[in-house]
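Below is target38.cif, which holds mmCIF, C-alpha atoms (C1' of nucleotides).
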data_input
loop_
_atom_site.label_atom_id
_atom_site.label_comp_id
_atom_site.auth_asym_id
_atom_site.auth_seq_id
_atom_site.Cartn_x
_atom_site.Cartn_y
_atom_site.Cartn_z
CA MET A 1 70.03 42.65 111.08
CA LYS A 2 71.47 46.10 111.13
CA ILE A 3 73.41 47.32 108.13
CA GLU A 4 76.48 47.82 110.32
CA GLU A 5 76.60 44.10 111.01
CA GLU A 6 75.77 43.08 107.47
CA ILE A 7 78.82 44.73 106.03
CA LYS A 8 80.86 44.85 109.24
CA VAL A 9 81.22 48.57 109.51
CA LYS A 10 81.72 50.10 112.94
CA SER A 11 80.13 53.43 112.18
CA PHE A 12 79.18 55.74 109.37
CA SER A 13 80.22 59.31 108.95
CA SER A 14 76.62 60.46 108.97
CA ASP A 15 73.08 59.15 108.90
CA TRP A 16 72.90 60.16 105.26
CA GLN A 17 75.84 57.89 104.58
CA ARG A 18 74.26 55.07 106.50
CA ALA A 19 71.01 55.48 104.62
CA SER A 20 72.72 55.58 101.23
CA ILE A 21 74.72 52.44 101.85
CA ASN A 22 71.66 50.76 103.26
CA ILE A 23 69.57 51.57 100.21
CA MET A 24 72.14 50.07 97.89
CA TYR A 25 72.66 47.06 100.12
CA THR A 26 68.94 46.41 100.48
CA GLY A 27 68.36 46.94 96.77
CA ASN A 28 70.95 44.30 96.07
CA TRP A 29 69.41 42.03 98.70
CA LEU A 30 66.07 42.32 96.95
CA ASN A 31 67.63 41.73 93.58
CA LEU A 32 69.31 38.55 94.72
CA ILE A 33 66.07 37.12 96.04
CA LEU A 34 64.03 38.08 93.01
CA GLU A 35 66.63 36.86 90.51
CA LYS A 36 66.68 33.57 92.30
CA ARG A 37 62.92 33.24 92.19
CA ALA A 38 62.72 34.28 88.55
CA ALA A 39 65.43 31.75 87.70
CA LYS A 40 63.10 28.96 88.78
CA LYS A 41 61.19 29.70 85.58
CA GLN A 42 64.31 30.28 83.50
CA ILE A 43 63.87 34.01 83.22
CA THR A 44 65.70 36.99 84.67
CA LEU A 45 64.25 39.69 86.87
CA GLN A 46 64.45 42.20 84.05
CA GLN A 47 62.61 39.85 81.74
CA PHE A 48 59.92 39.44 84.38
CA ASN A 49 59.60 43.18 84.69
CA VAL A 50 59.24 43.55 80.94
CA LEU A 51 56.48 40.94 80.90
CA ARG A 52 54.63 42.79 83.64
CA ILE A 53 54.85 46.06 81.81
CA LEU A 54 53.63 44.46 78.59
CA ARG A 55 50.66 42.94 80.36
CA GLY A 56 49.92 46.23 82.07
CA GLN A 57 49.61 47.89 78.67
CA LEU A 58 47.12 45.40 77.27
CA PRO A 59 45.16 45.61 75.10
CA ASN A 60 47.60 48.17 73.73
CA PRO A 61 51.02 47.28 72.38
CA SER A 62 54.22 48.55 73.95
CA THR A 63 57.42 49.75 72.33
CA ASN A 64 61.05 49.52 73.32
CA ASN A 65 60.86 53.13 74.23
CA LEU A 66 57.93 52.72 76.55
CA LEU A 67 59.75 49.89 78.27
CA LYS A 68 62.83 52.02 78.77
CA ASN A 69 60.80 54.68 80.53
CA ARG A 70 59.18 52.26 82.90
CA MET A 71 61.95 49.92 83.84
CA ILE A 72 62.99 50.09 87.45
CA THR A 73 66.64 49.89 86.52
CA ASN A 74 68.33 51.66 83.69
CA THR A 75 68.46 49.46 80.59
CA PRO A 76 70.17 51.05 77.61
CA ASP A 77 70.27 47.69 75.86
CA ILE A 78 66.54 47.11 75.71
CA SER A 79 66.59 45.89 72.09
CA ARG A 80 68.60 42.81 72.85
CA LEU A 81 66.81 42.23 76.12
CA VAL A 82 63.57 42.04 74.15
CA ASP A 83 65.31 39.82 71.59
CA ARG A 84 65.82 37.26 74.30
CA ILE A 85 62.23 37.17 75.49
CA VAL A 86 60.99 37.04 71.93
CA ALA A 87 63.31 34.08 71.37
CA LYS A 88 61.64 32.38 74.32
CA GLY A 89 58.24 32.87 72.75
CA LEU A 90 57.00 35.04 75.61
CA VAL A 91 56.64 38.19 73.52
CA SER A 92 55.74 38.88 69.91
CA ARG A 93 57.15 41.71 67.91
CA CYS A 94 55.83 43.40 64.78
CA LYS A 95 56.36 46.70 63.07
CA ASN A 96 54.09 49.57 64.04
CA LYS A 97 51.85 50.63 61.17
CA GLU A 98 51.80 54.33 61.94
CA ASP A 99 55.38 54.92 62.98
CA LYS A 100 57.63 52.73 60.90
CA ARG A 101 60.54 53.31 63.21
CA ALA A 102 58.75 51.80 66.17
CA VAL A 103 58.11 48.18 66.96
CA ASP A 104 54.96 46.92 68.63
CA LEU A 105 55.40 44.43 71.41
CA PHE A 106 52.75 42.13 72.82
CA ILE A 107 52.99 39.56 75.53
CA THR A 108 51.99 36.12 74.19
CA GLU A 109 49.69 33.56 75.76
CA LYS A 110 52.77 31.71 76.87
CA GLY A 111 54.06 34.86 78.48
CA LEU A 112 50.80 35.49 80.28
CA ALA A 113 50.71 31.94 81.56
CA LEU A 114 54.24 32.25 82.86
CA LEU A 115 53.39 35.45 84.67
CA GLU A 116 50.46 33.75 86.34
CA GLU A 117 52.67 30.97 87.54
CA ILE A 118 55.47 33.06 88.90
CA GLU A 119 53.78 36.19 90.10
CA ASP A 120 52.79 35.16 93.58
CA ASP A 121 56.32 34.11 94.32
CA MET A 122 57.73 37.36 92.97
CA MET A 123 55.49 39.49 95.17
CA LEU A 124 57.36 38.31 98.27
CA ASN A 125 54.10 38.20 100.14
CA ASP A 126 55.56 35.36 102.15
CA LEU A 127 58.36 37.58 103.42
CA LEU A 128 57.69 41.24 103.62
CA PRO A 129 54.63 41.41 105.85
CA GLN A 130 56.55 39.51 108.49
CA ASN A 131 59.08 42.23 108.84
CA LEU A 132 57.28 45.48 108.27
CA SER A 133 53.74 46.69 108.86
CA GLU A 134 51.96 48.13 105.85
CA GLN A 135 52.11 51.49 107.60
CA GLU A 136 55.87 51.25 107.88
CA ALA A 137 56.16 50.18 104.25
CA PHE A 138 54.22 53.27 103.29
CA GLN A 139 56.47 55.45 105.37
CA LEU A 140 59.57 53.81 103.90
CA SER A 141 58.43 54.59 100.40
CA GLU A 142 57.75 58.20 101.34
CA LEU A 143 61.22 58.58 102.75
CA LEU A 144 62.78 57.11 99.61
CA ASP A 145 60.86 59.56 97.43
CA LYS A 146 62.10 62.33 99.63
CA PHE A 147 65.63 60.93 99.60
CA ARG A 148 65.85 61.33 95.84
CA GLY A 149 64.33 64.77 95.96
CA SER A 150 63.57 66.42 92.68
CA ILE A 151 66.92 65.97 91.01
CA PRO A 152 66.81 63.98 87.78
CA PRO A 153 69.60 61.42 87.91
CA GLU A 154 71.27 62.64 84.72
CA GLU A 155 71.99 66.02 86.18
CA VAL A 156 73.79 65.05 89.33
CA MET B 1 59.22 62.94 92.69
CA LYS B 2 57.04 60.08 93.70
CA ILE B 3 57.94 56.60 92.53
CA GLU B 4 54.58 56.33 90.75
CA GLU B 5 55.55 59.18 88.47
CA GLU B 6 59.12 58.01 88.01
CA ILE B 7 58.11 54.74 86.47
CA LYS B 8 54.61 55.78 85.40
CA VAL B 9 52.66 53.31 87.45
CA LYS B 10 49.14 54.21 88.47
CA SER B 11 49.08 52.20 91.64
CA PHE B 12 50.74 49.33 93.44
CA SER B 13 49.06 46.24 94.76
CA SER B 14 50.27 47.03 98.27
CA ASP B 15 52.52 49.34 100.20
CA TRP B 16 55.02 46.50 100.46
CA GLN B 17 55.11 46.35 96.71
CA ARG B 18 55.55 50.07 96.44
CA ALA B 19 58.36 50.02 98.96
CA SER B 20 60.15 47.14 97.22
CA ILE B 21 60.05 48.76 93.84
CA ASN B 22 61.10 52.04 95.35
CA ILE B 23 64.10 50.51 97.06
CA MET B 24 65.33 48.99 93.82
CA TYR B 25 64.62 52.15 91.87
CA THR B 26 66.36 54.37 94.40
CA GLY B 27 69.28 51.98 94.66
CA ASN B 28 69.73 52.21 90.94
CA TRP B 29 69.37 55.99 91.10
CA LEU B 30 72.18 56.13 93.64
CA ASN B 31 74.30 53.79 91.59
CA LEU B 32 73.97 55.90 88.49
CA ILE B 33 75.08 59.02 90.30
CA LEU B 34 77.98 57.35 92.06
CA GLU B 35 79.21 55.53 88.95
CA LYS B 36 79.19 58.82 87.14
CA ARG B 37 81.20 60.54 89.84
CA ALA B 38 83.66 57.67 90.13
CA ALA B 39 84.12 57.68 86.36
CA LYS B 40 85.57 61.19 86.60
CA LYS B 41 88.63 59.51 88.10
CA GLN B 42 88.52 56.53 85.75
CA ILE B 43 87.37 54.05 88.35
CA THR B 44 84.12 52.22 88.96
CA LEU B 45 81.96 52.39 92.06
CA GLN B 46 82.98 48.89 93.05
CA GLN B 47 86.62 49.79 92.71
CA PHE B 48 86.04 52.82 94.91
CA ASN B 49 84.35 50.65 97.51
CA VAL B 50 87.26 48.24 97.51
CA LEU B 51 89.71 51.09 98.04
CA ARG B 52 87.67 52.34 100.98
CA ILE B 53 87.60 48.94 102.58
CA LEU B 54 91.34 48.53 102.11
CA ARG B 55 92.02 51.87 103.70
CA GLY B 56 89.65 51.07 106.53
CA GLN B 57 91.72 47.97 107.34
CA LEU B 58 95.01 49.80 107.56
CA PRO B 59 97.54 49.13 108.93
CA ASN B 60 96.34 45.57 108.41
CA PRO B 61 96.16 43.89 105.04
CA SER B 62 92.91 42.67 103.54
CA THR B 63 92.14 39.54 101.59
CA ASN B 64 89.76 38.77 98.77
CA ASN B 65 87.59 37.03 101.26
CA LEU B 66 87.37 39.97 103.58
CA LEU B 67 86.40 42.15 100.66
CA LYS B 68 83.64 39.77 99.65
CA ASN B 69 82.11 39.95 103.11
CA ARG B 70 82.08 43.70 103.19
CA MET B 71 81.05 44.68 99.72
CA ILE B 72 77.70 46.37 99.49
CA THR B 73 76.80 44.40 96.41
CA ASN B 74 77.45 40.75 95.81
CA THR B 75 80.73 40.24 93.95
CA PRO B 76 81.53 36.62 93.16
CA ASP B 77 84.27 37.71 90.80
CA ILE B 78 86.36 39.56 93.32
CA SER B 79 89.65 38.09 92.03
CA ARG B 80 89.41 39.77 88.69
CA LEU B 81 87.99 42.94 90.18
CA VAL B 82 91.12 43.20 92.30
CA ASP B 83 93.22 42.37 89.23
CA ARG B 84 91.94 45.54 87.62
CA ILE B 85 92.77 47.84 90.52
CA VAL B 86 96.15 46.23 90.92
CA ALA B 87 96.75 46.88 87.22
CA LYS B 88 95.99 50.53 87.87
CA GLY B 89 98.58 50.67 90.61
CA LEU B 90 96.03 51.51 93.29
CA VAL B 91 96.49 48.28 95.21
CA SER B 92 99.40 45.97 95.87
CA ARG B 93 99.09 42.24 96.25
CA CYS B 94 101.40 39.73 97.88
CA LYS B 95 101.11 36.25 99.27
CA ASN B 96 100.20 35.91 102.93
CA LYS B 97 103.02 34.37 104.95
CA GLU B 98 100.89 32.40 107.37
CA ASP B 99 98.14 31.13 105.12
CA LYS B 100 99.55 30.34 101.72
CA ARG B 101 96.09 30.20 100.21
CA ALA B 102 95.37 33.80 101.05
CA VAL B 103 96.61 36.94 99.39
CA ASP B 104 97.35 40.16 101.24
CA LEU B 105 96.06 43.35 99.75
CA PHE B 106 97.19 46.86 100.57
CA ILE B 107 96.07 50.16 99.18
CA THR B 108 99.02 52.01 97.65
CA GLU B 109 100.00 55.65 98.08
CA LYS B 110 98.49 56.30 94.70
CA GLY B 111 95.28 54.64 95.85
CA LEU B 112 95.17 56.71 99.02
CA ALA B 113 95.73 59.89 97.05
CA LEU B 114 92.93 59.02 94.69
CA LEU B 115 90.58 58.37 97.58
CA GLU B 116 91.39 61.77 99.02
CA GLU B 117 90.59 63.44 95.76
CA ILE B 118 87.35 61.71 95.06
CA GLU B 119 85.88 61.09 98.48
CA ASP B 120 84.10 64.34 99.06
CA ASP B 121 82.30 64.02 95.79
CA MET B 122 81.31 60.43 96.51
CA MET B 123 79.75 61.33 99.85
CA LEU B 124 76.97 63.26 98.11
CA ASN B 125 77.12 65.85 100.84
CA ASP B 126 76.06 68.35 98.23
CA LEU B 127 72.81 66.49 97.58
CA LEU B 128 71.45 64.47 100.38
CA PRO B 129 71.07 67.02 103.17
CA GLN B 130 68.92 69.11 100.85
CA ASN B 131 66.30 66.45 100.62
CA LEU B 132 66.23 64.71 103.96
CA SER B 133 66.92 65.75 107.51
CA GLU B 134 69.48 63.69 109.38
CA GLN B 135 66.64 62.47 111.56
CA GLU B 136 64.76 61.20 108.55
CA ALA B 137 67.88 59.57 107.17
CA PHE B 138 68.23 57.74 110.44
CA GLN B 139 64.64 56.61 110.32
CA LEU B 140 65.02 55.50 106.70
CA SER B 141 67.94 53.29 107.60
CA GLU B 142 66.02 51.76 110.48
CA LEU B 143 63.13 50.92 108.20
CA LEU B 144 65.45 49.32 105.66
CA ASP B 145 67.02 47.15 108.35
CA LYS B 146 63.54 46.13 109.40
CA PHE B 147 62.49 45.55 105.81
CA ARG B 148 65.15 42.88 105.35
CA GLY B 149 64.35 41.33 108.69
CA SER B 150 66.55 38.51 109.83
CA ILE B 151 66.46 36.38 106.72
CA PRO B 152 69.83 35.77 105.11
CA PRO B 153 69.47 36.35 101.37
CA GLU B 154 70.65 32.86 100.43
CA GLU B 155 67.77 31.22 102.19
CA VAL B 156 64.90 33.07 100.63
"C1'" DT C 1 60.08 70.92 49.04
"C1'" DA C 2 64.48 70.23 50.91
"C1'" DC C 3 67.31 70.60 54.80
"C1'" DG C 4 68.79 69.85 59.30
"C1'" DT C 5 67.23 67.92 63.68
"C1'" DT C 6 65.21 64.61 66.55
"C1'" DT C 7 63.54 60.06 67.58
"C1'" DA C 8 63.21 54.74 67.59
"C1'" DA C 9 65.55 50.92 67.26
"C1'" DA C 10 69.46 48.01 66.00
"C1'" DT C 11 74.28 46.90 66.00
"C1'" DG C 12 79.51 46.49 66.89
"C1'" DT C 13 82.66 46.30 70.29
"C1'" DT C 14 84.66 45.90 74.57
"C1'" DG C 15 84.52 44.87 79.11
"C1'" DT C 16 82.37 42.83 83.00
"C1'" DC C 17 79.41 39.48 85.54
"C1'" DA C 18 77.75 34.94 87.01
"C1'" DC C 19 78.29 30.31 87.44
"C1'" DA C 20 80.61 26.23 87.84
"C1'" DC C 21 84.88 24.04 88.25
"C1'" DT C 22 89.93 23.59 89.55
"C1'" DT C 23 94.01 24.11 92.29
"C1'" DT C 24 96.28 24.73 96.35
"C1'" DT C 25 96.45 24.93 101.19
"C1'" DG C 26 94.62 24.34 105.78
"C1'" DT C 27 91.66 21.85 109.28
"C1'" DT C 28 89.34 17.98 111.29
"C1'" DT C 29 88.53 13.24 112.15
"C1'" DT C 30 89.55 8.71 112.94
"C1'" DA D 1 99.52 10.08 109.96
"C1'" DA D 2 96.07 9.49 106.32
"C1'" DA D 3 91.83 10.54 104.55
"C1'" DA D 4 88.13 13.43 104.19
"C1'" DC D 5 86.54 17.88 104.35
"C1'" DA D 6 86.57 22.98 104.10
"C1'" DA D 7 88.36 27.31 102.60
"C1'" DA D 8 90.88 30.86 99.56
"C1'" DA D 9 91.74 32.13 95.35
"C1'" DG D 10 91.99 31.60 90.38
"C1'" DT D 11 90.09 30.24 85.72
"C1'" DG D 12 87.09 29.01 81.57
"C1'" DT D 13 82.95 30.00 79.61
"C1'" DG D 14 78.80 32.03 78.02
"C1'" DA D 15 75.56 35.60 78.86
"C1'" DC D 16 74.91 40.18 79.55
"C1'" DA D 17 75.82 45.34 80.08
"C1'" DA D 18 77.58 49.90 78.62
"C1'" DC D 19 78.93 52.94 75.30
"C1'" DA D 20 79.15 54.77 71.05
"C1'" DT D 21 77.72 54.54 66.38
"C1'" DT D 22 74.48 53.56 62.61
"C1'" DT D 23 70.18 53.28 60.03
"C1'" DA D 24 65.78 54.56 59.09
"C1'" DA D 25 61.81 57.29 59.76
"C1'" DA D 26 59.44 61.40 61.39
"C1'" DC D 27 59.30 66.24 62.37
"C1'" DG D 28 60.06 71.30 61.99
"C1'" DT D 29 61.07 75.03 59.56
"C1'" DA D 30 62.71 78.10 56.40
#
What does the file become when written as structure tokens?
Amino acid sequence: MKIEEEIKVKSFSSDWQRASINIMYTGNWLNLILEKRAAKKQITLQQFNVLRILRGQLPNPSTNNLLKNRMITNTPDISRLVDRIVAKGLVSRCKNKEDKRAVDLFITEKGLALLEEIEDDMMLNDLLPQNLSEQEAFQLSELLDKFRGSIPPEEV
Amino acid sequence: MKIEEEIKVKSFSSDWQRASINIMYTGNWLNLILEKRAAKKQITLQQFNVLRILRGQLPNPSTNNLLKNRMITNTPDISRLVDRIVAKGLVSRCKNKEDKRAVDLFITEKGLALLEEIEDDMMLNDLLPQNLSEQEAFQLSELLDKFRGSIPPEEV
DNA sequence: TACGTTTAAATGTTGTCACACTTTTGTTTT
DNA sequence: AAAACAAAAGTGTGACAACATTTAAACGTA
């Protein structure tokens, strides 16, 4: 379904406008689906993303700071986000020996098991290949990289 | 800058994965920029979007419901969102004569003036054409439409 | 060494979001 | 016309987000 129909707009002032709106709309569309799938296991999408990052770092620990740099969406409140997954027993937290300011984070067995269970569903492999060829997906990603250009988001 | 560098990922499990992550990342990137620009005039991006929709409906009124259907991002709490712009004097609200359930919304003179002031900045005309040709922007939008396919987000 | 600066994380506060539920009005069915 | 249903908006609540500030540790440098 075209973006014009989705949000009932007759026309856009330019193709750049159309693309911008479409990126935000589609990002939100993706978010809705993924939040819904994550909710089946009583976690949020952000919590899922944190778990994936933690697993990706194994056997090394991660820190709040590392998480911040790798999150897809900006998360200034990473401390309390981690609080919540620690409370669920999916992550363990202990002080770093070398840098006493930092905190080492590890995904627990429980966290790993949950990832295993949910991951297939979160990949959207049941959806995406229906709509887009892998070639087109590649091209889409290239265009998005180009869309952002080289401007760091803080400076705009 | 490639998405791999932005979030420090070595590789993705597929091009669909890469594209999905990139859409969310770029959506967030856009959001950050637009929120920042809207904040210069003490409004949020959602409030700006509401004002644009209201103006687009002129000379007709809008309703909460109409807004909900046209917002780029899901907004279940549209009532209170409108409360806030009404409180700022940017929108006026009065009961619909025909359907007593509905509420008619109009953008005020103050709202129109604010749109005028801020709109150029919000278009990102200073940014986007540097990075992407209009042709590419067109293509990007087409790919995003295709990415979502025909599945309504509630059913996924 | 001592000082100022930077960095990592935590916290306090305020506002907003998400979800479910309620109220009121309109529409449909029998 | 009455009952059942659907739709529009509003509300109560708890979780979460954003922003600024704070605390503690590390670093850099004179």
Considering all atoms listed in the file, extract the chain D residues located within 8 Å of chain A and return them as a list in words.
->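 So the contacting residues turn out to be DA17, DA18, DA24, DA25 and DA26 of chain D.
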Output chain B, superimposed onto chain A using in-order Cα pairs, as an mmCIF file with C-alpha atoms, keeping the file's coordinate frame:
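Here's the written file selection-v7.cif:
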data_model
loop_
_atom_site.group_PDB
_atom_site.id
_atom_site.type_symbol
_atom_site.label_atom_id
_atom_site.label_comp_id
_atom_site.auth_asym_id
_atom_site.auth_seq_id
_atom_site.Cartn_x
_atom_site.Cartn_y
_atom_site.Cartn_z
ATOM 1 C CA MET B 1 70.046 42.679 111.086
ATOM 2 C CA LYS B 2 71.490 46.123 111.140
ATOM 3 C CA ILE B 3 73.432 47.333 108.130
ATOM 4 C CA GLU B 4 76.511 47.837 110.321
ATOM 5 C CA GLU B 5 76.627 44.129 111.025
ATOM 6 C CA GLU B 6 75.791 43.111 107.477
ATOM 7 C CA ILE B 7 78.833 44.762 106.025
ATOM 8 C CA LYS B 8 80.877 44.893 109.231
ATOM 9 C CA VAL B 9 81.242 48.622 109.489
ATOM 10 C CA LYS B 10 81.734 50.143 112.907
ATOM 11 C CA SER B 11 80.145 53.457 112.140
ATOM 12 C CA PHE B 12 79.169 55.769 109.324
ATOM 13 C CA SER B 13 80.233 59.346 108.890
ATOM 14 C CA SER B 14 76.608 60.472 108.920
ATOM 15 C CA ASP B 15 73.081 59.175 108.871
ATOM 16 C CA TRP B 16 72.891 60.163 105.214
ATOM 17 C CA GLN B 17 75.821 57.914 104.543
ATOM 18 C CA ARG B 18 74.263 55.091 106.468
ATOM 19 C CA ALA B 19 71.004 55.487 104.606
ATOM 20 C CA SER B 20 72.717 55.570 101.202
ATOM 21 C CA ILE B 21 74.707 52.454 101.823
ATOM 22 C CA ASN B 22 71.666 50.761 103.246
ATOM 23 C CA ILE B 23 69.566 51.562 100.211
ATOM 24 C CA MET B 24 72.136 50.054 97.878
ATOM 25 C CA TYR B 25 72.659 47.054 100.119
ATOM 26 C CA THR B 26 68.945 46.402 100.491
ATOM 27 C CA GLY B 27 68.368 46.914 96.788
ATOM 28 C CA ASN B 28 70.945 44.278 96.077
ATOM 29 C CA TRP B 29 69.406 42.019 98.717
ATOM 30 C CA LEU B 30 66.052 42.301 96.974
ATOM 31 C CA ASN B 31 67.624 41.695 93.608
ATOM 32 C CA LEU B 32 69.299 38.523 94.748
ATOM 33 C CA ILE B 33 66.064 37.096 96.066
ATOM 34 C CA LEU B 34 64.031 38.063 93.028
ATOM 35 C CA GLU B 35 66.626 36.834 90.528
ATOM 36 C CA LYS B 36 66.661 33.542 92.334
ATOM 37 C CA ARG B 37 62.897 33.213 92.211
ATOM 38 C CA ALA B 38 62.715 34.257 88.570
ATOM 39 C CA ALA B 39 65.419 31.732 87.709
ATOM 40 C CA LYS B 40 63.077 28.935 88.792
ATOM 41 C CA LYS B 41 61.175 29.680 85.589
ATOM 42 C CA GLN B 42 64.299 30.258 83.510
ATOM 43 C CA ILE B 43 63.864 33.994 83.218
ATOM 44 C CA THR B 44 65.691 36.961 84.682
ATOM 45 C CA LEU B 45 64.233 39.672 86.879
ATOM 46 C CA GLN B 46 64.452 42.175 84.058
ATOM 47 C CA GLN B 47 62.621 39.827 81.753
ATOM 48 C CA PHE B 48 59.918 39.416 84.376
ATOM 49 C CA ASN B 49 59.608 43.175 84.693
ATOM 50 C CA VAL B 50 59.246 43.544 80.951
ATOM 51 C CA LEU B 51 56.484 40.940 80.891
ATOM 52 C CA ARG B 52 54.641 42.785 83.642
ATOM 53 C CA ILE B 53 54.859 46.059 81.809
ATOM 54 C CA LEU B 54 53.631 44.459 78.598
ATOM 55 C CA ARG B 55 50.677 42.932 80.356
ATOM 56 C CA GLY B 56 49.934 46.211 82.078
ATOM 57 C CA GLN B 57 49.629 47.893 78.668
ATOM 58 C CA LEU B 58 47.140 45.420 77.286
ATOM 59 C CA PRO B 59 45.165 45.639 75.100
ATOM 60 C CA ASN B 60 47.627 48.191 73.754
ATOM 61 C CA PRO B 61 51.030 47.306 72.396
ATOM 62 C CA SER B 62 54.238 48.567 73.951
ATOM 63 C CA THR B 63 57.426 49.770 72.344
ATOM 64 C CA ASN B 64 61.059 49.551 73.326
ATOM 65 C CA ASN B 65 60.880 53.160 74.266
ATOM 66 C CA LEU B 66 57.952 52.730 76.571
ATOM 67 C CA LEU B 67 59.761 49.893 78.274
ATOM 68 C CA LYS B 68 62.844 52.020 78.799
ATOM 69 C CA ASN B 69 60.805 54.680 80.564
ATOM 70 C CA ARG B 70 59.185 52.252 82.919
ATOM 71 C CA MET B 71 61.952 49.898 83.851
ATOM 72 C CA ILE B 72 63.002 50.052 87.457
ATOM 73 C CA THR B 73 66.642 49.843 86.516
ATOM 74 C CA ASN B 74 68.331 51.623 83.672
ATOM 75 C CA THR B 75 68.441 49.427 80.567
ATOM 76 C CA PRO B 76 70.194 51.006 77.600
ATOM 77 C CA ASP B 77 70.276 47.668 75.835
ATOM 78 C CA ILE B 78 66.559 47.107 75.705
ATOM 79 C CA SER B 79 66.625 45.896 72.075
ATOM 80 C CA ARG B 80 68.625 42.824 72.847
ATOM 81 C CA LEU B 81 66.810 42.238 76.110
ATOM 82 C CA VAL B 82 63.580 42.047 74.138
ATOM 83 C CA ASP B 83 65.319 39.817 71.582
ATOM 84 C CA ARG B 84 65.843 37.261 74.316
ATOM 85 C CA ILE B 85 62.237 37.170 75.491
ATOM 86 C CA VAL B 86 61.008 37.055 71.935
ATOM 87 C CA ALA B 87 63.323 34.089 71.370
ATOM 88 C CA LYS B 88 61.647 32.387 74.306
ATOM 89 C CA GLY B 89 58.241 32.886 72.761
ATOM 90 C CA LEU B 90 57.012 35.059 75.617
ATOM 91 C CA VAL B 91 56.660 38.193 73.523
ATOM 92 C CA SER B 92 55.744 38.902 69.932
ATOM 93 C CA ARG B 93 57.159 41.745 67.914
ATOM 94 C CA CYS B 94 55.858 43.439 64.795
ATOM 95 C CA LYS B 95 56.375 46.729 63.054
ATOM 96 C CA ASN B 96 54.107 49.596 64.044
ATOM 97 C CA LYS B 97 51.856 50.669 61.184
ATOM 98 C CA GLU B 98 51.809 54.371 61.941
ATOM 99 C CA ASP B 99 55.384 54.992 62.977
ATOM 100 C CA LYS B 100 57.688 52.824 60.935
ATOM 101 C CA ARG B 101 60.550 53.451 63.320
ATOM 102 C CA ALA B 102 58.728 51.883 66.219
ATOM 103 C CA VAL B 103 58.115 48.250 66.978
ATOM 104 C CA ASP B 104 54.981 46.938 68.650
ATOM 105 C CA LEU B 105 55.408 44.447 71.420
ATOM 106 C CA PHE B 106 52.767 42.143 72.830
ATOM 107 C CA ILE B 107 52.990 39.569 75.551
ATOM 108 C CA THR B 108 52.010 36.148 74.206
ATOM 109 C CA GLU B 109 49.689 33.581 75.759
ATOM 110 C CA LYS B 110 52.750 31.706 76.871
ATOM 111 C CA GLY B 111 54.068 34.875 78.483
ATOM 112 C CA LEU B 112 50.793 35.501 80.279
ATOM 113 C CA ALA B 113 50.724 31.938 81.547
ATOM 114 C CA LEU B 114 54.240 32.246 82.854
ATOM 115 C CA LEU B 115 53.379 35.454 84.662
ATOM 116 C CA GLU B 116 50.454 33.740 86.336
ATOM 117 C CA GLU B 117 52.660 30.960 87.545
ATOM 118 C CA ILE B 118 55.457 33.050 88.886
ATOM 119 C CA GLU B 119 53.757 36.191 90.104
ATOM 120 C CA ASP B 120 52.784 35.143 93.571
ATOM 121 C CA ASP B 121 56.304 34.103 94.322
ATOM 122 C CA MET B 122 57.717 37.350 92.963
ATOM 123 C CA MET B 123 55.484 39.470 95.180
ATOM 124 C CA LEU B 124 57.336 38.293 98.289
ATOM 125 C CA ASN B 125 54.062 38.192 100.147
ATOM 126 C CA ASP B 126 55.538 35.372 102.160
ATOM 127 C CA LEU B 127 58.355 37.582 103.435
ATOM 128 C CA LEU B 128 57.671 41.225 103.617
ATOM 129 C CA PRO B 129 54.617 41.411 105.868
ATOM 130 C CA GLN B 130 56.554 39.504 108.510
ATOM 131 C CA ASN B 131 59.084 42.237 108.859
ATOM 132 C CA LEU B 132 57.255 45.481 108.289
ATOM 133 C CA SER B 133 53.740 46.686 108.881
ATOM 134 C CA GLU B 134 51.945 48.123 105.880
ATOM 135 C CA GLN B 135 52.105 51.478 107.618
ATOM 136 C CA GLU B 136 55.859 51.263 107.877
ATOM 137 C CA ALA B 137 56.142 50.174 104.267
ATOM 138 C CA PHE B 138 54.207 53.257 103.308
ATOM 139 C CA GLN B 139 56.467 55.453 105.369
ATOM 140 C CA LEU B 140 59.561 53.798 103.897
ATOM 141 C CA SER B 141 58.412 54.585 100.392
ATOM 142 C CA GLU B 142 57.725 58.188 101.321
ATOM 143 C CA LEU B 143 61.209 58.565 102.727
ATOM 144 C CA LEU B 144 62.756 57.080 99.597
ATOM 145 C CA ASP B 145 60.839 59.514 97.405
ATOM 146 C CA LYS B 146 62.093 62.312 99.608
ATOM 147 C CA PHE B 147 65.616 60.929 99.574
ATOM 148 C CA ARG B 148 65.838 61.293 95.801
ATOM 149 C CA GLY B 149 64.274 64.719 95.914
ATOM 150 C CA SER B 150 63.534 66.364 92.622
ATOM 151 C CA ILE B 151 66.882 65.900 90.950
ATOM 152 C CA PRO B 152 66.798 63.887 87.747
ATOM 153 C CA PRO B 153 69.626 61.349 87.877
ATOM 154 C CA GLU B 154 71.262 62.588 84.676
ATOM 155 C CA GLU B 155 71.942 65.981 86.128
ATOM 156 C CA VAL B 156 73.730 65.006 89.282
#
Determine the residue membership of the PyMOL selection byres ((chain B and resi 55) around 12) for the file above and supply it as a ChimeraX atom specification.
-> /B:48-54,56-62,67,90-91,105-116
Between atom CA of B:Phe147 and atom CA of A:Lys41 - distance in Å to one decimal =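 Separation of atom CA of A:Lys41 and atom CA of B:Phe147: 25.7 Å.
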Apply the PyMOL selection byres ((chain A) within 6 of (chain B)) to the file shown and report the selected residues as a ChimeraX atom specification.
-> /A:1-2,7,15-16,19,23-25,27-28,70,72-73,131-132,134,137-138,141,145-147,149-150
Report as JSON the centre and the edge lengths, in Å to one decimal, of the axis-aligned box holding every listed atom of stretch 109-124 of chain A, padded by 6 Å on each side.
{"center_x": 53.7, "center_y": 35.2, "center_z": 87.0, "size_x": 20.0, "size_y": 20.5, "size_z": 34.5}
